[in-house]
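Asks: My structure is in data_18.cif, and what it holds is mmCIF, C-alpha atoms:
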```
data_work
#
loop_
_atom_site.label_atom_id
_atom_site.label_comp_id
_atom_site.auth_asym_id
_atom_site.auth_seq_id
_atom_site.Cartn_x
_atom_site.Cartn_y
_atom_site.Cartn_z
CA MET A 1 83.61 98.45 131.77
CA GLU A 2 81.76 101.70 131.23
CA PHE A 3 83.80 102.38 128.09
CA LEU A 4 83.13 98.88 126.75
CA GLN A 5 79.42 99.26 127.41
CA ALA A 6 79.43 102.60 125.60
CA ILE A 7 81.12 101.01 122.57
CA GLY A 8 78.38 98.40 122.40
CA GLN A 9 75.68 101.04 122.79
CA TYR A 10 76.78 104.03 120.69
CA GLU A 11 77.37 103.75 116.96
CA PHE A 12 79.43 106.95 116.81
CA LEU A 13 81.89 105.46 119.30
CA GLN A 14 82.15 102.25 117.29
CA LYS A 15 83.00 104.25 114.16
CA ALA A 16 85.49 106.35 116.10
CA LEU A 17 87.25 103.31 117.53
CA PHE A 18 87.40 101.50 114.20
CA THR A 19 88.69 104.57 112.35
CA SER A 20 91.28 105.30 115.05
CA VAL A 21 92.63 101.74 114.93
CA VAL A 22 92.95 101.81 111.13
CA VAL A 23 94.74 105.17 111.28
CA GLY A 24 97.08 103.94 114.00
CA ILE A 25 98.04 100.89 111.94
CA ILE A 26 98.71 102.65 108.63
CA CYS A 27 100.57 105.52 110.34
CA GLY A 28 102.86 102.94 111.93
CA VAL A 29 103.46 101.17 108.61
CA ILE A 30 104.33 104.28 106.58
CA GLY A 31 106.07 105.94 109.53
CA SER A 32 108.58 103.06 109.64
CA PHE A 33 109.86 103.95 106.17
CA ILE A 34 109.79 107.68 106.95
CA ILE A 35 112.00 107.07 110.01
CA LEU A 36 114.46 104.90 108.10
CA ARG A 37 114.80 107.46 105.31
CA GLY A 38 115.26 110.37 107.70
CA MET A 39 112.23 112.11 106.22
CA SER A 40 110.38 113.19 109.35
CA LEU A 41 110.37 116.80 108.16
CA MET A 42 108.73 115.69 104.91
CA GLY A 43 105.92 114.14 106.93
CA ASP A 44 105.41 117.47 108.65
CA ALA A 45 105.44 119.23 105.28
CA ILE A 46 102.84 116.97 103.69
CA SER A 47 100.55 117.17 106.72
CA HIS A 48 100.46 120.97 106.48
CA ALA A 49 100.40 121.13 102.68
CA VAL A 50 97.03 119.37 102.41
CA LEU A 51 95.18 122.27 104.05
CA PRO A 52 94.51 124.25 100.81
CA GLY A 53 93.10 121.14 99.18
CA VAL A 54 90.86 120.49 102.17
CA ALA A 55 89.55 124.07 102.11
CA LEU A 56 88.83 123.98 98.36
CA SER A 57 87.15 120.57 98.61
CA TYR A 58 84.74 121.80 101.26
CA ALA A 59 84.09 124.97 99.27
CA PHE A 60 83.12 122.99 96.15
CA GLY A 61 81.20 120.35 98.07
CA ILE A 62 83.41 117.39 97.22
CA ASN A 63 85.11 114.87 99.50
CA PHE A 64 88.16 116.47 101.09
CA PHE A 65 90.20 113.39 100.17
CA VAL A 66 90.41 114.55 96.54
CA GLY A 67 91.76 118.03 97.18
CA ALA A 68 94.01 117.00 100.05
CA VAL A 69 95.76 114.24 98.10
CA ALA A 70 96.17 116.53 95.08
CA THR A 71 97.83 119.36 97.03
CA GLY A 72 99.90 116.94 99.11
CA VAL A 73 101.35 115.19 96.06
CA LEU A 74 101.92 118.49 94.24
CA THR A 75 103.84 119.82 97.23
CA ALA A 76 105.98 116.67 97.41
CA VAL A 77 106.77 116.93 93.70
CA GLY A 78 107.48 120.65 94.06
CA ILE A 79 109.91 120.05 96.93
CA GLY A 80 111.78 117.47 94.88
CA TYR A 81 111.87 119.71 91.81
CA VAL A 82 113.18 122.75 93.67
CA SER A 83 115.89 120.80 95.53
CA GLN A 84 117.05 119.01 92.37
CA ASN A 85 117.10 122.06 90.11
CA SER A 86 118.62 124.73 92.32
CA ARG A 87 121.22 125.31 95.00
CA ILE A 88 118.44 125.06 97.59
CA LYS A 89 118.79 121.96 99.76
CA ASN A 90 115.93 119.60 100.49
CA ASP A 91 115.20 120.81 104.03
CA THR A 92 115.12 124.43 102.85
CA ALA A 93 112.75 123.57 100.00
CA ILE A 94 110.51 121.77 102.50
CA GLY A 95 110.46 124.80 104.79
CA ILE A 96 109.54 127.16 101.93
CA LEU A 97 106.84 125.10 100.25
CA PHE A 98 105.05 123.59 103.23
CA THR A 99 104.76 126.94 105.04
CA SER A 100 103.54 128.56 101.82
CA ALA A 101 100.92 125.84 101.30
CA PHE A 102 99.78 126.08 104.91
CA ALA A 103 99.52 129.88 104.67
CA LEU A 104 97.50 129.54 101.45
CA GLY A 105 95.17 127.13 103.22
CA ILE A 106 94.57 129.61 106.04
CA ILE A 107 93.82 132.38 103.53
CA LEU A 108 91.40 130.13 101.64
CA ILE A 109 89.57 129.20 104.83
CA THR A 110 89.24 132.89 105.70
CA MET A 111 88.06 133.91 102.21
CA LEU A 112 85.71 131.03 101.50
CA LYS A 113 84.11 131.10 104.97
CA SER A 114 82.96 127.50 104.64
CA SER A 115 80.04 126.55 106.86
CA THR A 116 81.97 123.40 107.76
CA ASP A 117 83.96 123.69 110.95
CA LEU A 118 87.53 123.24 109.70
CA TYR A 119 88.79 123.44 113.28
CA HIS A 120 88.36 119.67 113.40
CA ILE A 121 90.61 119.29 110.37
CA LEU A 122 93.37 121.16 112.21
CA PHE A 123 93.07 119.35 115.54
CA GLY A 124 90.98 116.26 114.82
CA ASN A 125 87.69 115.04 116.27
CA VAL A 126 87.35 111.30 115.75
CA LEU A 127 84.17 111.19 117.86
CA ALA A 128 82.43 113.12 115.07
CA VAL A 129 83.65 110.91 112.21
CA ARG A 130 81.07 110.29 109.49
CA PRO A 131 80.44 106.93 107.79
CA SER A 132 81.85 108.29 104.51
CA ASP A 133 85.06 109.38 106.26
CA MET A 134 85.35 105.99 107.94
CA TRP A 135 85.10 104.12 104.64
CA VAL A 136 87.56 106.48 102.96
CA THR A 137 89.97 105.70 105.79
CA VAL A 138 89.43 101.96 105.34
CA GLY A 139 89.97 102.27 101.59
CA ILE A 140 93.20 104.19 102.13
CA GLY A 141 94.33 101.59 104.65
CA VAL A 142 93.78 98.75 102.18
CA VAL A 143 95.64 100.60 99.40
CA VAL A 144 98.56 101.45 101.68
CA ILE A 145 99.01 97.95 103.10
CA VAL A 146 98.64 96.23 99.70
CA THR A 147 101.11 98.65 98.09
CA VAL A 148 103.68 98.25 100.86
CA TYR A 149 103.35 94.46 100.61
CA ALA A 150 103.71 94.52 96.82
CA PHE A 151 106.74 96.85 96.80
CA PHE A 152 108.32 95.83 100.09
CA LYS A 153 111.65 94.74 98.57
CA GLU A 154 111.95 97.94 96.55
CA LEU A 155 111.10 100.11 99.55
CA LEU A 156 113.52 98.13 101.72
CA LEU A 157 116.44 98.42 99.31
CA THR A 158 115.95 102.09 98.46
CA SER A 159 115.57 102.93 102.15
CA PHE A 160 118.84 101.30 103.21
CA ASP A 161 121.07 101.78 100.16
CA PRO A 162 119.84 103.90 97.22
CA THR A 163 123.15 103.39 95.37
CA ILE A 164 122.81 99.60 95.27
CA ALA A 165 119.14 99.99 94.40
CA ALA A 166 120.10 102.10 91.38
CA ALA A 167 122.71 99.51 90.39
CA TYR A 168 119.96 96.87 90.36
CA GLY A 169 117.96 99.06 88.00
CA LEU A 170 115.48 100.46 90.49
CA ARG A 171 114.36 104.02 89.89
CA ASN A 172 114.82 105.70 93.25
CA ASN A 173 112.78 108.75 92.25
CA LEU A 174 109.73 106.67 91.35
CA ILE A 175 109.92 104.75 94.63
CA HIS A 176 110.34 108.05 96.47
CA TYR A 177 107.23 109.57 94.88
CA LEU A 178 105.29 106.36 95.47
CA LEU A 179 106.14 106.66 99.16
CA MET A 180 105.20 110.36 99.11
CA THR A 181 101.82 109.48 97.60
CA LEU A 182 101.22 106.87 100.31
CA LEU A 183 102.33 109.38 102.94
CA THR A 184 99.84 111.92 101.60
CA MET A 185 97.03 109.36 101.64
CA VAL A 186 97.82 108.36 105.23
CA THR A 187 97.91 112.03 106.21
CA VAL A 188 94.46 112.54 104.70
CA ALA A 189 93.15 109.45 106.48
CA SER A 190 94.41 110.86 109.78
CA LEU A 191 92.75 114.27 109.50
CA GLN A 192 89.54 113.33 111.29
CA THR A 193 91.44 111.41 113.98
CA VAL A 194 94.32 113.65 115.05
CA GLY A 195 94.14 116.59 112.63
CA ILE A 196 96.74 118.33 110.50
CA VAL A 197 98.65 119.76 113.44
CA LEU A 198 99.21 116.42 115.19
CA VAL A 199 99.30 113.91 112.32
CA VAL A 200 103.09 114.01 112.09
CA ALA A 201 103.26 112.75 115.68
CA MET A 202 101.27 109.63 114.77
CA LEU A 203 103.47 109.09 111.73
CA ILE A 204 106.71 109.37 113.66
CA THR A 205 106.19 108.43 117.33
CA PRO A 206 104.95 104.81 117.03
CA ALA A 207 107.61 104.08 114.39
CA ALA A 208 110.32 105.69 116.53
CA THR A 209 109.18 103.57 119.49
CA ALA A 210 109.48 100.42 117.38
CA TYR A 211 112.88 101.56 116.08
CA LEU A 212 114.23 101.46 119.63
CA LEU A 213 113.10 97.86 120.09
CA THR A 214 114.31 96.04 116.97
CA ASP A 215 116.83 96.10 114.13
CA ARG A 216 114.62 94.23 111.64
CA LEU A 217 112.38 96.23 109.33
CA TRP A 218 109.47 93.78 109.16
CA VAL A 219 109.44 93.51 112.97
CA MET A 220 109.62 97.30 113.21
CA ILE A 221 106.61 97.65 110.90
CA TYR A 222 104.52 95.21 112.97
CA LEU A 223 105.54 96.86 116.23
CA ALA A 224 104.88 100.37 114.89
CA ALA A 225 101.43 99.34 113.66
CA GLY A 226 100.75 97.76 117.06
CA PHE A 227 101.86 100.84 118.97
CA GLY A 228 99.74 103.02 116.70
CA MET A 229 96.72 100.81 117.34
CA ILE A 230 97.29 100.73 121.12
CA SER A 231 97.71 104.52 121.19
CA ALA A 232 94.43 104.95 119.32
CA ILE A 233 92.47 102.63 121.63
CA ILE A 234 93.84 103.97 124.92
CA GLY A 235 93.72 107.57 123.69
CA LEU A 236 90.09 107.21 122.65
CA TYR A 237 89.28 105.70 126.04
CA PHE A 238 90.71 108.70 127.90
CA SER A 239 89.17 111.11 125.41
CA PHE A 240 85.68 109.66 125.87
CA THR A 241 85.93 109.08 129.62
CA TYR A 242 87.38 112.45 130.62
CA ASN A 243 86.02 114.60 127.76
CA LEU A 244 89.47 115.41 126.34
CA ALA A 245 90.50 116.34 122.80
CA SER A 246 90.73 113.02 120.97
CA GLY A 247 93.70 113.79 118.71
CA ALA A 248 95.83 115.27 121.46
CA THR A 249 95.04 112.39 123.82
CA ILE A 250 95.99 109.75 121.25
CA VAL A 251 99.28 111.53 120.56
CA LEU A 252 100.11 111.78 124.27
CA VAL A 253 99.54 108.04 124.72
CA ALA A 254 101.89 107.40 121.77
CA THR A 255 104.45 109.68 123.43
CA ALA A 256 104.13 107.81 126.73
CA LEU A 257 104.84 104.52 124.94
CA PHE A 258 107.89 106.10 123.31
CA LEU A 259 109.20 107.28 126.69
CA LEU A 260 108.84 103.76 128.09
CA ALA A 261 110.86 102.37 125.18
CA PHE A 262 113.38 105.19 125.46
CA LEU A 263 113.96 104.41 129.12
CA PHE A 264 113.56 100.63 129.30
CA SER A 265 114.35 99.22 125.85
CA ARG A 266 116.63 96.24 126.42
CA LYS A 267 119.17 97.32 123.82
CA HIS A 268 118.83 101.08 123.50
CA GLY A 269 117.05 102.13 126.71
CA VAL A 270 118.70 104.76 128.87
CA VAL A 271 118.11 102.80 132.08
CA TRP A 272 119.60 99.58 130.73
CA LYS A 273 122.57 101.45 129.24
CA SER A 274 123.21 103.05 132.60
CA LEU A 275 123.00 99.69 134.40
CA ARG A 276 125.37 98.05 131.92
CA ALA A 277 127.85 100.90 132.22
CA ARG A 278 127.67 100.70 136.01
CA GLN A 279 128.18 96.94 135.95
CA LYS A 280 131.21 97.35 133.69
CA ARG A 281 132.74 99.92 136.04
CA VAL A 282 132.24 97.53 138.97
CA GLU A 283 133.91 94.70 137.05
CA LEU A 284 136.85 96.89 136.07
CA SER A 285 137.33 98.06 139.65
CA LYS A 286 137.74 94.48 140.93
#
```
Would you give me this structure, written as C-alpha cells?

Replies:
Amino acid sequence: MEFLQAIGQYEFLQKALFTSVVVGIICGVIGSFIILRGMSLMGDAISHAVLPGVALSYAFGINFFVGAVATGVLTAVGIGYVSQNSRIKNDTAIGILFTSAFALGIILITMLKSSTDLYHILFGNVLAVRPSDMWVTVGIGVVVIVTVYAFFKELLLTSFDPTIAAAYGLRNNLIHYLLMTLLTMVTVASLQTVGIVLVVAMLITPAATAYLLTDRLWVMIYLAAGFGMISAIIGLYFSFTYNLASGATIVLVATALFLLAFLFSRKHGVVWKSLRARQKRVELSK
C-alpha cells in the first residue's frame, strides 16, 4: 500500500515505473529472437559497444540516443564484416570488437570528464529518469513493436531456417542487420533502467524463462514481455522500498522468475523431470 501511495504522490516514481515497464516489454520481445538465434553474446557486445557513443553524446550536449545507436550499429556491422571476410569466427570477432569499443568508451569518459554522472549509464538509475529519456524509451518501444509486427514472418523464418528463407528470396543479412538495429535501440532504451552492465540480463533472462514454458514463438514473445514487465514492477518496488540499486534489483527478480521456471516448468522443469523419471522407474520395477 505504501508503494502504491507513493506512485500516486511522486511524479518521479510514476515516470520510473512507466519507463521500467516499457523496457521490460521490449527487452522480452527482442530477447525472444536473440535466444532463438543463439545470439546472446551479440546482445552483450552491443550493450557494451554503445558506451563510446554515450560518452561523445554527453560531451557534445546531444541526446545519448544518437551516439549510442550509431556506435552500436557500427559495431554490429563491423562484427559481421570481420567474421565474413577473414578466418576469424563470429564469437571471436564479437570478443575483439565489443571489448575494444567498451575500452574506448572508458577512455573517452576519462578524457572528456563530462559533468554528467555516467555511473548511472553503467549501472542504471531508473528513479532519476528524465521526461526526455522516458519519451525516447516510449518512441523506441513503438518502433520496435511495430517493426517486429510488420516483419514477424521474415524474422520467424530466418530465425528457424535461414536456408529455406534464402530459397524464398529473403535476404538473411538484411534481416540480421534489422534485428541488430532493433537490439541496439532496445539497449539504448534500457540504459537508464538497468545500465550497460546489466542490460544483457534483461534481454536474455525473461526470454529464456519464456523459452522453458512454450514451444510457440508468438506465445514465447508474449510471455517474455510479461516476465520483463513483472520483473520491472517488482524490482522497482523492492528498489524503492528498501533503497536498493534499481537495475540490479530488477535483474534479480527476472533471475528468480527464471529459476522458478527452471525448476517447475511442466515440460522442461528439473523437478517435474525428476518426478517423471522416478515414476517411470517405479512402473518398470512392478

Asks: Taking the file as shown, what set of residues would the PyMOL selection byres ((chain A and resi 178) around 12) give back, as a ChimeraX atom specification?

Replies: /A:30,33,73,76-77,143-144,147-148,151-152,154-155,158,171-177,179-185

Asks: Grab the atom CA of Ala101 of chain A to atom CA of Gly139 of chain A distance for me, in Å with one decimal place.

Replies: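 For atom CA of Ala101 of chain A relative to atom CA of Gly139 of chain A, the distance reads 26.0 Å.
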
Asks: Of the candidates A:Ile204, A:Val50, A:Val82, A:Arg278, which one gets nearest to Ile106 of chain A if we count all atoms listed in the file?

Replies: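 Comparing A:Ile204, A:Val50, A:Val82, A:Arg278 against Ile106 of chain A, the winner is A:Val50.
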
Asks: Between A:Leu56, A:Phe123, A:Val194, A:Val188, single out the one closest to Gly72 of chain A, counting all atoms listed in the file.

Replies: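 Between A:Leu56, A:Phe123, A:Val194, A:Val188, the residue approaching Gly72 of chain A most closely is A:Val188.
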
Asks: Under the rule that only C-alpha atoms are counted, which of A:Tyr222, A:Phe238, A:Tyr211, A:Phe60 is the nearest residue to Ile25 of chain A?

Replies: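 Closest to Ile25 of chain A, using only C-alpha atoms: A:Tyr222.
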
Asks: Which is closest to Tyr58 of chain A among A:Leu275, A:Ile109, A:Leu263, A:Ala256, if we use all atoms listed in the file?

Replies: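 Closest candidate: A:Ile109.
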
Asks: Return as a list in words the set of residues that the PyMOL selection byres ((chain A and resi 7) around 12) yields on the displayed structure.

Replies: Met1, Glu2, Phe3, Leu4, Gln5, Ala6, Gly8, Gln9, Tyr10, Glu11, Phe12, Leu13, Gln14, Lys15, Ala16, Leu17, Phe18, Leu127, Ile233, Leu236, Tyr237, Phe240 and Thr241 of chain A

Asks: Would you save the residues from that selection as a CSV table (one decimal), keeping the file's coordinate frame, using C-alpha atoms?

Replies:
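Saved as out_25.csv:
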```
chain,number,residue,atom,x,y,z
A,1,MET,CA,83.6,98.4,131.8
A,2,GLU,CA,81.8,101.7,131.2
A,3,PHE,CA,83.8,102.4,128.1
A,4,LEU,CA,83.1,98.9,126.8
A,5,GLN,CA,79.4,99.3,127.4
A,6,ALA,CA,79.4,102.6,125.6
A,8,GLY,CA,78.4,98.4,122.4
A,9,GLN,CA,75.7,101.0,122.8
A,10,TYR,CA,76.8,104.0,120.7
A,11,GLU,CA,77.4,103.8,117.0
A,12,PHE,CA,79.4,107.0,116.8
A,13,LEU,CA,81.9,105.5,119.3
A,14,GLN,CA,82.2,102.2,117.3
A,15,LYS,CA,83.0,104.2,114.2
A,16,ALA,CA,85.5,106.4,116.1
A,17,LEU,CA,87.2,103.3,117.5
A,18,PHE,CA,87.4,101.5,114.2
A,127,LEU,CA,84.2,111.2,117.9
A,233,ILE,CA,92.5,102.6,121.6
A,236,LEU,CA,90.1,107.2,122.6
A,237,TYR,CA,89.3,105.7,126.0
A,240,PHE,CA,85.7,109.7,125.9
A,241,THR,CA,85.9,109.1,129.6
```

Asks: Between atom CA of Thr255 of chain A and atom CA of Met202 of chain A, what is the distance, to one decimal in Å?

Replies: 9.2 Å

Asks: May I have the residues within 6 Å of Met134 of chain A as a list in words, using all atoms listed in the file and disregarding those fewer than 3 positions away in the same chain?

Replies: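 Once the adjacent positions are removed, what remains is Thr19, Pro131 and Thr137 of chain A.
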
Asks: Counting all atoms listed in the file, which of A:Gly141, A:Gly169, A:Pro162, A:Gly61 gets nearest to Ala225 of chain A?

Replies: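 For Ala225 of chain A, the nearest of the candidates is A:Gly141.
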
Asks: Hey, which of A:Trp135, A:Leu217, A:Ile164, A:Leu198 ends up closest to Ser246 of chain A? Count only C-alpha atoms.

Replies: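 With only C-alpha atoms as the atom set, the closest residue is A:Leu198.
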
Asks: Applying the PyMOL selection byres ((chain A and resi 54) around 9) to the file I just gave you, which residues come out? Please list them as a list in words.

Replies: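 Selected by the PyMOL selection byres ((chain A and resi 54) around 9) here: Val50, Leu51, Pro52, Gly53, Ala55, Leu56, Ser57, Tyr58, Ala59, Asn63, Phe64, Phe65, Val66, Gly67, Ala68, Val69, Thr71, Gly105, Leu118 and Ile121 of chain A.
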